[in-house]
$ cat entry.cif   # mmCIF, C-alpha atoms
data_my_file
#
loop_
_atom_site.label_atom_id
_atom_site.label_comp_id
_atom_site.auth_asym_id
_atom_site.auth_seq_id
_atom_site.Cartn_x
_atom_site.Cartn_y
_atom_site.Cartn_z
CA MET Z 1 30.71 7.53 -8.41
CA ILE Z 2 30.06 6.65 -4.75
CA THR Z 3 27.99 3.74 -3.45
CA ARG Z 4 26.36 3.76 -0.03
CA TYR Z 5 24.33 1.14 1.77
CA TYR Z 6 21.22 1.52 3.91
CA ARG Z 7 19.05 -0.83 5.92
CA VAL Z 8 15.33 -0.11 6.44
CA ALA Z 9 13.07 -2.60 8.23
CA GLY Z 10 15.87 -5.14 7.94
CA HIS Z 11 16.07 -4.80 4.13
CA LEU Z 12 19.41 -3.72 2.71
CA PHE Z 13 19.59 -1.46 -0.36
CA SER Z 14 22.31 0.48 -2.14
CA VAL Z 15 22.44 3.91 -3.76
CA SER Z 16 25.11 5.00 -6.26
CA GLY Z 17 25.76 8.47 -7.58
CA GLU Z 18 27.99 11.52 -7.55
CA ALA Z 19 28.98 12.92 -4.15
CA LYS Z 20 26.52 15.83 -4.46
CA VAL Z 21 23.62 13.36 -4.61
CA PHE Z 22 24.35 12.31 -1.04
CA THR Z 23 24.29 15.85 0.27
CA GLN Z 24 20.52 15.68 -0.30
CA MET Z 25 20.17 12.37 1.54
CA LYS Z 26 20.66 13.42 5.18
CA ASN Z 27 17.38 11.69 6.07
CA TYR Z 28 19.02 8.35 5.15
CA LYS Z 29 21.98 8.79 7.54
CA PRO Z 30 20.42 6.98 10.53
CA PHE Z 31 19.89 3.98 8.25
CA ALA Z 32 23.42 3.84 6.80
CA THR Z 33 25.34 0.60 7.20
CA GLN Z 34 28.69 -0.86 6.09
CA GLU Z 35 27.26 -4.23 5.13
CA ASP Z 36 27.22 -4.82 1.43
CA ASP Z 37 25.64 -8.17 0.73
CA CYS Z 38 22.23 -9.32 -0.48
CA PHE Z 39 20.50 -6.12 -1.58
CA VAL Z 40 16.78 -6.10 -1.90
CA THR Z 41 17.22 -3.34 -4.49
CA SER Z 42 19.87 -0.95 -5.88
CA LEU Z 43 19.40 2.55 -7.25
CA GLU Z 44 21.78 4.39 -9.53
CA ILE Z 45 21.31 8.16 -9.78
CA ASP Z 46 22.37 10.38 -12.69
CA VAL Z 47 21.80 14.08 -13.16
CA THR Z 48 21.13 15.55 -16.59
CA LYS Z 49 20.38 19.03 -17.84
CA GLU Z 50 18.21 18.07 -20.81
CA LYS Z 51 15.24 15.84 -21.35
CA PRO Z 52 16.60 12.40 -22.18
CA SER Z 53 15.61 11.00 -25.56
CA ARG Z 54 16.02 7.43 -24.32
CA ILE Z 55 13.06 7.48 -22.00
CA ILE Z 56 9.98 6.68 -24.02
CA PHE Z 57 7.12 4.90 -22.32
CA THR Z 58 3.41 4.22 -22.47
CA GLU Z 59 1.42 5.73 -19.63
CA GLU Z 60 -0.67 3.30 -17.57
CA MET Z 61 -1.67 5.37 -14.62
CA ARG Z 62 -1.17 8.78 -13.10
CA GLN Z 63 -1.28 9.86 -9.50
CA GLU Z 64 -1.73 13.51 -8.67
CA ASP Z 65 -1.81 15.08 -5.26
CA GLU Z 66 -1.26 18.73 -4.45
CA GLU Z 67 2.01 19.85 -6.07
CA GLN Z 68 3.19 16.34 -6.90
CA THR Z 69 2.53 14.11 -9.93
CA ILE Z 70 3.72 10.58 -10.61
CA VAL Z 71 3.08 9.09 -14.04
CA CYS Z 72 3.53 5.30 -14.22
CA GLY Z 73 4.01 3.30 -17.37
CA ARG Z 74 6.21 0.83 -19.22
CA ASN Z 75 8.87 1.17 -21.87
CA ALA Z 76 9.16 -0.97 -25.01
CA ASP Z 77 11.08 -3.65 -23.07
CA GLY Z 78 8.23 -3.93 -20.54
CA GLN Z 79 10.24 -2.25 -17.80
CA PRO Z 80 8.34 -0.04 -15.36
CA VAL Z 81 8.97 3.70 -15.86
CA TYR Z 82 7.94 6.51 -13.49
CA GLN Z 83 8.00 10.18 -14.27
CA PHE Z 84 8.06 12.51 -11.27
CA GLY Z 85 6.58 15.97 -11.51
CA TRP Z 86 6.67 18.88 -9.11
CA CYS Z 87 4.44 21.94 -9.64
CA GLY Z 88 3.90 21.05 -13.29
CA GLU Z 89 7.57 20.49 -14.06
CA THR Z 90 9.20 17.10 -14.67
CA VAL Z 91 11.99 16.56 -12.14
CA GLY Z 92 13.02 12.98 -12.85
CA TRP Z 93 12.53 9.60 -14.51
CA LEU Z 94 12.93 6.22 -12.85
CA VAL Z 95 13.40 3.08 -14.94
CA CYS Z 96 13.21 -0.23 -13.06
CA ALA Z 97 14.04 -3.84 -13.76
CA THR Z 98 10.80 -5.82 -14.01
CA ASP Z 99 11.49 -7.41 -10.61
CA TYR Z 100 12.44 -4.03 -9.07
CA ARG Z 101 15.85 -5.31 -7.96
CA LEU Z 102 17.47 -2.45 -9.90
CA GLY Z 103 16.50 1.11 -10.62
CA TRP Z 104 18.04 3.92 -12.61
CA LEU Z 105 17.03 7.47 -11.77
CA LEU Z 106 17.68 10.41 -14.02
CA THR Z 107 17.01 13.74 -12.35
CA SER Z 108 16.71 17.06 -14.10
CA GLY Z 109 18.74 18.67 -11.32
CA LYS Z 110 15.76 20.65 -10.02
CA HIS Z 111 13.95 19.43 -6.91
CA SER Z 112 16.09 16.33 -7.19
CA LYS Z 113 15.56 15.49 -3.52
CA MET Z 114 11.89 14.90 -4.28
CA ALA Z 115 12.84 12.61 -7.19
CA ILE Z 116 15.39 10.67 -5.08
CA ASP Z 117 12.98 10.13 -2.17
CA ASN Z 118 10.13 9.10 -4.44
CA ALA Z 119 12.34 6.75 -6.45
CA LEU Z 120 13.66 5.03 -3.33
CA MET Z 121 10.22 4.74 -1.72
CA LEU Z 122 8.83 3.23 -4.89
CA LEU Z 123 11.69 0.78 -5.43
CA PHE Z 124 11.68 -0.22 -1.77
CA ALA Z 125 7.90 -0.76 -1.65
CA MET Z 126 7.82 -2.80 -4.85
CA ALA Z 127 10.95 -4.86 -4.14
CA THR Z 128 9.79 -5.80 -0.63
CA ALA Z 129 6.07 -6.38 -1.34
CA ARG Z 130 6.67 -10.08 -1.90
CA LEU Z 131 8.80 -10.27 1.26
CA GLY Z 132 6.05 -9.74 3.82
CA THR Z 133 6.71 -6.01 3.96
CA ALA Z 134 4.44 -3.01 3.41
CA LEU Z 135 5.19 0.72 3.18
CA PHE Z 136 2.26 2.50 4.81
CA HIS Z 137 0.86 5.96 4.56
CA ALA Z 138 0.44 6.55 8.30
CA ALA Z 139 1.68 8.28 11.43
CA VAL Z 140 3.19 6.11 14.18
CA VAL Z 141 3.88 6.68 17.86
CA SER Z 142 5.47 4.44 20.46
CA HIS Z 143 4.16 3.99 23.97
CA GLU Z 144 5.24 1.51 26.67
CA GLY Z 145 7.27 -0.53 24.21
CA GLN Z 146 4.63 -0.86 21.51
CA GLY Z 147 3.91 0.96 18.25
CA TYR Z 148 0.53 2.44 17.40
CA MET Z 149 -0.19 3.33 13.81
CA PHE Z 150 -2.76 5.93 12.72
CA LEU Z 151 -4.32 5.61 9.26
CA GLY Z 152 -6.67 7.87 7.31
CA LYS Z 153 -7.09 9.77 4.09
CA SER Z 154 -4.87 12.81 3.50
CA GLY Z 155 -6.10 15.70 5.61
CA THR Z 156 -7.90 13.53 8.18
CA GLY Z 157 -5.50 14.47 10.95
CA LYS Z 158 -3.10 11.53 11.36
CA SER Z 159 -0.22 13.83 12.32
CA THR Z 160 -2.52 15.90 14.52
CA HIS Z 161 -3.66 12.82 16.42
CA ALA Z 162 -0.06 11.64 16.86
CA GLN Z 163 0.78 15.13 18.15
CA LEU Z 164 -2.08 14.87 20.69
CA TRP Z 165 -0.57 11.65 22.05
CA LEU Z 166 2.83 13.39 22.35
CA GLU Z 167 1.29 16.31 24.25
CA HIS Z 168 -1.08 14.49 26.58
CA ILE Z 169 0.12 10.94 27.02
CA GLU Z 170 3.32 10.64 28.98
CA GLY Z 171 6.01 8.38 27.55
CA THR Z 172 4.85 8.75 23.93
CA GLU Z 173 7.38 9.30 21.15
CA LEU Z 174 6.94 9.89 17.43
CA VAL Z 175 8.29 6.97 15.37
CA ASN Z 176 7.38 8.28 11.91
CA ASP Z 177 4.91 10.87 10.64
CA ASP Z 178 4.10 9.70 7.12
CA ASN Z 179 5.73 6.54 5.73
CA PRO Z 180 6.46 3.78 8.25
CA VAL Z 181 7.29 0.23 7.18
CA VAL Z 182 5.55 -2.83 8.63
CA ARG Z 183 7.11 -6.28 8.52
CA ASP Z 184 5.96 -9.36 10.44
CA GLY Z 185 3.85 -7.39 12.90
CA VAL Z 186 6.67 -4.95 13.68
CA VAL Z 187 6.57 -1.26 12.70
CA TYR Z 188 9.80 0.49 11.63
CA GLY Z 189 10.80 4.11 11.20
CA SER Z 190 12.07 5.05 7.73
CA PRO Z 191 13.97 7.79 5.84
CA TRP Z 192 10.60 9.04 4.57
CA SER Z 193 8.35 11.00 6.87
CA GLY Z 194 6.45 13.59 4.83
CA LYS Z 195 6.81 17.17 6.01
CA THR Z 196 8.01 16.22 9.51
CA PRO Z 197 11.75 15.53 9.76
CA CYS Z 198 11.46 12.34 11.86
CA TYR Z 199 13.90 9.82 10.39
CA ARG Z 200 14.36 7.37 13.23
CA ASN Z 201 15.91 3.96 12.88
CA VAL Z 202 13.75 2.33 15.55
CA SER Z 203 11.18 -0.48 15.62
CA TYR Z 204 8.32 -1.58 17.86
CA PRO Z 205 5.90 -4.49 17.86
CA LEU Z 206 2.58 -3.16 16.57
CA GLY Z 207 0.11 -2.90 19.46
CA GLY Z 208 -2.74 -1.58 17.36
CA ILE Z 209 -3.77 0.12 14.16
CA VAL Z 210 -6.28 2.97 14.28
CA LEU Z 211 -8.21 4.26 11.28
CA LEU Z 212 -9.12 7.90 11.88
CA SER Z 213 -12.00 9.94 10.59
CA GLN Z 214 -13.21 13.37 11.61
CA ALA Z 215 -16.42 13.67 13.63
CA PRO Z 216 -18.08 16.14 16.03
CA TYR Z 217 -17.59 13.58 18.84
CA ASN Z 218 -15.09 10.94 20.01
CA GLN Z 219 -16.00 7.30 19.56
CA ILE Z 220 -13.96 4.15 18.95
CA ARG Z 221 -14.85 0.62 17.86
CA ARG Z 222 -12.98 -2.48 16.82
CA LEU Z 223 -13.13 -3.31 13.10
CA GLY Z 224 -13.96 -6.80 11.89
CA GLY Z 225 -11.73 -8.74 9.48
CA ILE Z 226 -12.95 -7.43 6.14
CA GLU Z 227 -13.39 -3.83 7.32
CA ALA Z 228 -9.91 -3.93 8.83
CA TYR Z 229 -8.47 -5.35 5.60
CA THR Z 230 -10.12 -2.57 3.58
CA ALA Z 231 -8.59 0.06 5.88
CA LEU Z 232 -5.10 -1.42 5.39
CA VAL Z 233 -5.42 -1.75 1.61
CA ALA Z 234 -6.25 1.95 1.32
CA SER Z 235 -3.15 2.90 3.35
CA ILE Z 236 -0.46 0.82 1.65
CA SER Z 237 1.68 1.99 -1.25
CA GLY Z 238 2.07 -0.38 -4.18
CA GLN Z 239 0.73 -1.00 -7.63
CA ARG Z 240 -1.89 -3.64 -7.22
CA TRP Z 241 -2.29 -4.00 -10.96
CA ASN Z 242 0.98 -5.90 -10.87
CA SER Z 243 -0.36 -9.26 -9.71
CA ARG Z 244 2.87 -10.40 -8.01
CA ILE Z 245 2.94 -7.23 -5.94
CA ALA Z 246 -0.78 -7.58 -5.18
CA ASP Z 247 -0.34 -11.22 -4.07
CA GLY Z 248 2.47 -10.26 -1.69
CA LEU Z 249 0.62 -7.30 -0.20
CA HIS Z 250 -2.54 -9.36 0.21
CA GLN Z 251 -0.67 -11.92 2.30
CA THR Z 252 0.89 -9.21 4.46
CA GLU Z 253 -2.48 -7.48 4.97
CA ASN Z 254 -4.27 -10.71 5.77
CA ALA Z 255 -1.65 -11.70 8.36
CA LEU Z 256 -1.79 -8.22 9.93
CA VAL Z 257 -5.57 -8.13 10.37
CA THR Z 258 -5.41 -11.61 11.88
CA ASN Z 259 -2.70 -10.69 14.39
CA VAL Z 260 -3.07 -6.98 15.19
CA PRO Z 261 -6.29 -5.32 16.42
CA VAL Z 262 -7.61 -2.63 14.07
CA TRP Z 263 -9.85 0.14 15.35
CA HIS Z 264 -11.92 2.95 13.89
CA LEU Z 265 -11.67 6.20 15.85
CA GLU Z 266 -14.14 8.91 14.91
CA CYS Z 267 -12.72 11.95 16.60
CA LEU Z 268 -12.25 15.60 17.31
CA PRO Z 269 -8.71 17.01 17.31
CA ASP Z 270 -8.63 17.13 21.12
CA GLU Z 271 -7.02 15.64 24.23
CA GLU Z 272 -10.05 13.44 24.97
CA ALA Z 273 -9.66 11.70 21.57
CA ALA Z 274 -6.05 10.76 22.35
CA ARG Z 275 -6.96 9.54 25.86
CA LEU Z 276 -9.93 7.49 24.62
CA CYS Z 277 -7.75 5.97 21.90
CA ARG Z 278 -4.90 5.09 24.28
CA LYS Z 279 -7.24 3.62 26.89
CA THR Z 280 -8.94 1.41 24.28
CA VAL Z 281 -5.90 0.17 22.36
CA ASN Z 282 -3.95 -0.47 25.59
CA SER Z 283 -6.69 -2.68 27.00
CA GLU Z 284 -6.02 -5.29 24.29
CA MET K 9 -20.80 -12.30 -20.50
CA LYS K 10 -17.41 -12.10 -18.88
CA ILE K 11 -15.78 -11.11 -15.61
CA LYS K 12 -14.21 -7.71 -16.10
CA ASP K 13 -10.43 -7.53 -16.14
CA GLY K 14 -8.76 -6.55 -12.89
CA PHE K 15 -11.09 -8.25 -10.42
CA VAL K 16 -9.58 -10.90 -8.19
CA LEU K 17 -11.05 -13.37 -5.71
CA ARG K 18 -9.17 -13.22 -2.39
CA GLU K 19 -9.57 -14.97 0.94
CA VAL K 20 -9.62 -12.40 3.75
CA CYS K 21 -9.85 -13.73 7.31
CA GLY K 22 -11.44 -16.91 6.00
CA GLU K 23 -14.03 -15.11 3.86
CA ASN K 24 -14.20 -14.90 0.07
CA VAL K 25 -14.12 -11.38 -1.31
CA ILE K 26 -13.79 -9.80 -4.73
CA VAL K 27 -11.30 -6.96 -4.86
CA GLY K 28 -10.51 -4.57 -7.70
CA GLU K 29 -6.76 -4.75 -8.21
CA GLY K 30 -6.17 -4.34 -11.93
CA LEU K 31 -5.72 -1.04 -13.75
CA GLN K 32 -9.27 -1.30 -15.10
CA ALA K 33 -10.67 -1.92 -11.61
CA ILE K 34 -8.54 0.44 -9.56
CA ASN K 35 -11.45 2.75 -8.76
CA PHE K 36 -13.77 -0.03 -7.55
CA GLY K 37 -12.97 1.11 -4.00
CA LYS K 38 -14.89 -1.61 -2.18
CA LEU K 39 -14.89 -5.32 -1.46
CA LEU K 40 -17.65 -7.69 -2.51
CA ALA K 41 -18.16 -10.60 -0.10
CA LEU K 42 -19.18 -13.93 -1.67
CA ASN K 43 -20.66 -16.97 0.04
CA GLU K 44 -19.19 -20.37 -0.71
CA SER K 45 -21.33 -21.22 -3.74
CA ALA K 46 -20.94 -17.74 -5.23
CA ALA K 47 -17.16 -18.04 -4.83
CA TRP K 48 -17.27 -21.42 -6.53
CA LEU K 49 -19.30 -19.97 -9.41
CA TRP K 50 -16.83 -17.08 -9.69
CA LYS K 51 -13.97 -19.54 -10.16
CA GLN K 52 -15.96 -21.41 -12.83
CA ALA K 53 -16.80 -18.16 -14.64
CA GLN K 54 -13.15 -17.09 -14.42
CA LYS K 55 -12.02 -20.40 -15.97
CA MET K 56 -14.55 -20.18 -18.81
CA GLY K 57 -13.70 -16.61 -19.76
CA PHE K 58 -16.87 -15.95 -21.71
CA PHE K 59 -19.91 -17.62 -20.20
CA THR K 60 -23.72 -17.60 -20.23
CA GLU K 61 -26.19 -17.98 -17.39
CA GLU K 62 -26.95 -21.51 -18.70
CA ASP K 63 -23.24 -22.48 -18.55
CA LEU K 64 -23.16 -21.68 -14.85
CA VAL K 65 -26.51 -23.44 -14.19
CA LYS K 66 -25.14 -26.55 -15.88
CA ARG K 67 -21.92 -26.49 -13.85
CA LEU K 68 -23.81 -25.92 -10.62
CA CYS K 69 -26.08 -28.93 -11.29
CA GLU K 70 -23.04 -31.11 -12.04
CA GLU K 71 -21.25 -30.11 -8.85
CA TYR K 72 -24.05 -29.75 -6.32
CA ASP K 73 -27.17 -31.77 -5.64
CA VAL K 74 -29.70 -29.17 -6.88
CA THR K 75 -32.55 -29.19 -9.40
CA PRO K 76 -32.06 -27.10 -12.57
CA ASP K 77 -34.78 -24.72 -11.36
CA GLU K 78 -33.07 -24.10 -8.01
CA ALA K 79 -29.74 -23.69 -9.75
CA ARG K 80 -31.25 -21.25 -12.26
CA SER K 81 -32.70 -19.01 -9.58
CA ASP K 82 -29.44 -19.07 -7.56
CA VAL K 83 -27.32 -18.23 -10.59
CA ALA K 84 -29.70 -15.47 -11.69
CA ALA K 85 -29.57 -13.86 -8.24
CA ILE K 86 -25.78 -14.01 -8.10
CA LEU K 87 -25.34 -12.64 -11.64
CA ASP K 88 -27.77 -9.86 -10.75
CA ASP K 89 -25.54 -8.92 -7.82
CA TRP K 90 -22.41 -8.98 -9.94
CA GLN K 91 -24.03 -6.89 -12.65
CA ARG K 92 -25.28 -4.35 -10.13
CA VAL K 93 -21.82 -3.73 -8.65
CA GLY K 94 -20.26 -3.86 -12.11
CA VAL K 95 -17.78 -6.74 -11.92
CA ILE K 96 -19.14 -8.48 -15.06
#
$ encode --input "entry.cif" --output "structure tokens"
Amino acid sequence: MITRYYRVAGHLFSVSGEAKVFTQMKNYKPFATQEDDCFVTSLEIDVTKEKPSRIIFTEEMRQEDEEQTIVCGRNADGQPVYQFGWCGETVGWLVCATDYRLGWLLTSGKHSKMAIDNALMLLFAMATARLGTALFHAAVVSHEGQGYMFLGKSGTGKSTHAQLWLEHIEGTELVNDDNPVVRDGVVYGSPWSGKTPCYRNVSYPLGGIVLLSQAPYNQIRRLGGIEAYTALVASISGQRWNSRIADGLHQTENALVTNVPVWHLECLPDEEAARLCRKTVNSE
Amino acid sequence: MKIKDGFVLREVCGENVIVGEGLQAINFGKLLALNESAAWLWKQAQKMGFFTEEDLVKRLCEEYDVTPDEARSDVAAILDDWQRVGVI
């Protein structure tokens, strides 16, 4: 059994498992650290060939998108349990302490990278929700020392818009393409970035947040407090039916909409959209 | 009547809003803005658990300087709103 330590958005966590587990964790390398004190959460990973008889839980909620399924529930001790599925097959079970300071992942050995990444994202998001931290579903670029985060439903074109900045706006870099972390008005890269391998251990003060939607024209406007809050809520991972998690996320969201301008960009996937967006968010 | 499980009163940028956070309310998908007296009534209703229109009218008259008739029409309008969006 090996234990390794990682720091994401300033939060330290540990992962323990057999050596082969870490061969699937190259995306965590930029976040590796030698420090070993004060973990926000710890994950232990085991691999099994058969369906474990010990994991019995009551389903509360199920999340299905494309090939991936996550079933959430609780076991008889009230501990949160998550079952990860890939293309109709169960690939792992995660059992957490009720405060999410500890997690135990059992993978079936197939698609275990998917189970490991999901387990760590989940544990991280839940364990840090009460610490002023939020794991977003967003694409992020940096430009002139600031981070700009693009939100929107799956398929809206977050990555496409980020790509347009990279192509047409000099000095732009991709920070993260799918799962950045925001803490105290600063956006951080993470080991999770969807289909784009962009695992950068960098951070930038957030200069603006842009909600995207598709339109046959390009138009941008600033969102007011409640509209901005709604946009953030829809883009943050976390189980709001756990009231402690919901309270923490609410405080983070409220502070963000107070301190960072939030915009709504209705746009085409073209150069003009990126230029309009940059011009507007940079004027703040 | 009763406030449905999963709905929470939050202060967002200084305004009172109802958000659906619980498992039973996860598909609410919107925020309901409340003015000050509606937010106050929400808190009363939340405390009571089960309540009637008359309960809220009575509380409103005790707290604010309004006639029972004014209170009744205010409460009816607010409950109408809540019923329409499905939070009670």
$ atom_distance --input "entry.cif" --atom1 "CA of Ala162 in chain Z" --atom2 "CA of Val8 in chain Z"
22.0 Å
$ residues_near_point --input "entry.cif" --point "(-22.7, -4.6, -5.6)" --cutoff "12 Å" --atoms "only C-alpha atoms" --output "PyMOL selection string"
chain K and resi 25-27+36-42+85-96
$ closest_residue --input "entry.cif" --among "Z:Val210, Z:Leu43, Z:Leu174, Z:Ala32" --to "Ala119 in chain Z" --atoms "all atoms listed in the file"
Z:Leu43
$ closest_residue --input "entry.cif" --among "Z:Tyr188, Z:Tyr5, Z:Tyr100, Z:Tyr229" --to "chain K" --atoms "all atoms listed in the file"
Z:Tyr229
$ resolve_selection --input "entry.cif" --expression "the PyMOL selection byres ((chain Z) within 9 of (chain K))" --output "compact mmCIF listing (two decimals) with C-alpha atoms, keeping the file's coordinate frame"
# COMPACT_ATOMS: atom_id res chain seq x y z
CA GLU Z 60 -0.67 3.30 -17.57
CA MET Z 61 -1.67 5.37 -14.62
CA GLY Z 225 -11.73 -8.74 9.48
CA ILE Z 226 -12.95 -7.43 6.14
CA TYR Z 229 -8.47 -5.35 5.60
CA THR Z 230 -10.12 -2.57 3.58
CA ALA Z 234 -6.25 1.95 1.32
CA GLN Z 239 0.73 -1.00 -7.63
CA ARG Z 240 -1.89 -3.64 -7.22
CA TRP Z 241 -2.29 -4.00 -10.96
CA ASN Z 242 0.98 -5.90 -10.87
CA SER Z 243 -0.36 -9.26 -9.71
CA ALA Z 246 -0.78 -7.58 -5.18
CA HIS Z 250 -2.54 -9.36 0.21
CA GLU Z 253 -2.48 -7.48 4.97
CA ASN Z 254 -4.27 -10.71 5.77
CA ALA Z 255 -1.65 -11.70 8.36
CA VAL Z 257 -5.57 -8.13 10.37
CA THR Z 258 -5.41 -11.61 11.88
$ atom_distance --input "entry.cif" --atom1 "CA of Ala76 in chain Z" --atom2 "CA of Gly57 in chain K"
28.2 Å
$ build_atoms --input "entry.cif" --residues "range 153-165 of chain Z" --atoms "N, CA and C atoms" --output "PDB file, keeping the file's coordinate frame"
ATOM      1  N   LYS Z 153      -7.330   9.040   5.345  1.00  0.00           N
ATOM      2  CA  LYS Z 153      -7.090   9.770   4.090  1.00  0.00           C
ATOM      3  C   LYS Z 153      -6.270  11.032   4.386  1.00  0.00           C
ATOM      4  N   SER Z 154      -5.616  11.560   3.352  1.00  0.00           N
ATOM      5  CA  SER Z 154      -4.870  12.810   3.500  1.00  0.00           C
ATOM      6  C   SER Z 154      -5.792  13.873   4.069  1.00  0.00           C
ATOM      7  N   GLY Z 155      -5.305  14.610   5.053  1.00  0.00           N
ATOM      8  CA  GLY Z 155      -6.100  15.700   5.610  1.00  0.00           C
ATOM      9  C   GLY Z 155      -7.033  15.285   6.741  1.00  0.00           C
ATOM     10  N   THR Z 156      -7.019  13.996   7.103  1.00  0.00           N
ATOM     11  CA  THR Z 156      -7.900  13.530   8.180  1.00  0.00           C
ATOM     12  C   THR Z 156      -7.390  13.960   9.542  1.00  0.00           C
ATOM     13  N   GLY Z 157      -6.074  14.070   9.670  1.00  0.00           N
ATOM     14  CA  GLY Z 157      -5.500  14.470  10.950  1.00  0.00           C
ATOM     15  C   GLY Z 157      -4.670  13.381  11.613  1.00  0.00           C
ATOM     16  N   LYS Z 158      -3.967  12.576  10.813  1.00  0.00           N
ATOM     17  CA  LYS Z 158      -3.100  11.530  11.360  1.00  0.00           C
ATOM     18  C   LYS Z 158      -1.988  12.163  12.209  1.00  0.00           C
ATOM     19  N   SER Z 159      -1.313  13.155  11.611  1.00  0.00           N
ATOM     20  CA  SER Z 159      -0.220  13.830  12.320  1.00  0.00           C
ATOM     21  C   SER Z 159      -0.751  14.548  13.555  1.00  0.00           C
ATOM     22  N   THR Z 160      -1.913  15.170  13.404  1.00  0.00           N
ATOM     23  CA  THR Z 160      -2.520  15.900  14.520  1.00  0.00           C
ATOM     24  C   THR Z 160      -2.808  14.941  15.676  1.00  0.00           C
ATOM     25  N   HIS Z 161      -3.345  13.780  15.362  1.00  0.00           N
ATOM     26  CA  HIS Z 161      -3.660  12.820  16.420  1.00  0.00           C
ATOM     27  C   HIS Z 161      -2.378  12.319  17.099  1.00  0.00           C
ATOM     28  N   ALA Z 162      -1.349  12.064  16.294  1.00  0.00           N
ATOM     29  CA  ALA Z 162      -0.060  11.640  16.860  1.00  0.00           C
ATOM     30  C   ALA Z 162       0.464  12.732  17.800  1.00  0.00           C
ATOM     31  N   GLN Z 163       0.338  13.989  17.362  1.00  0.00           N
ATOM     32  CA  GLN Z 163       0.780  15.130  18.150  1.00  0.00           C
ATOM     33  C   GLN Z 163       0.026  15.200  19.495  1.00  0.00           C
ATOM     34  N   LEU Z 164      -1.269  14.858  19.461  1.00  0.00           N
ATOM     35  CA  LEU Z 164      -2.080  14.870  20.690  1.00  0.00           C
ATOM     36  C   LEU Z 164      -1.587  13.823  21.690  1.00  0.00           C
ATOM     37  N   TRP Z 165      -1.156  12.673  21.169  1.00  0.00           N
ATOM     38  CA  TRP Z 165      -0.570  11.650  22.050  1.00  0.00           C
ATOM     39  C   TRP Z 165       0.714  12.215  22.675  1.00  0.00           C
TER      40      TRP Z 165
END
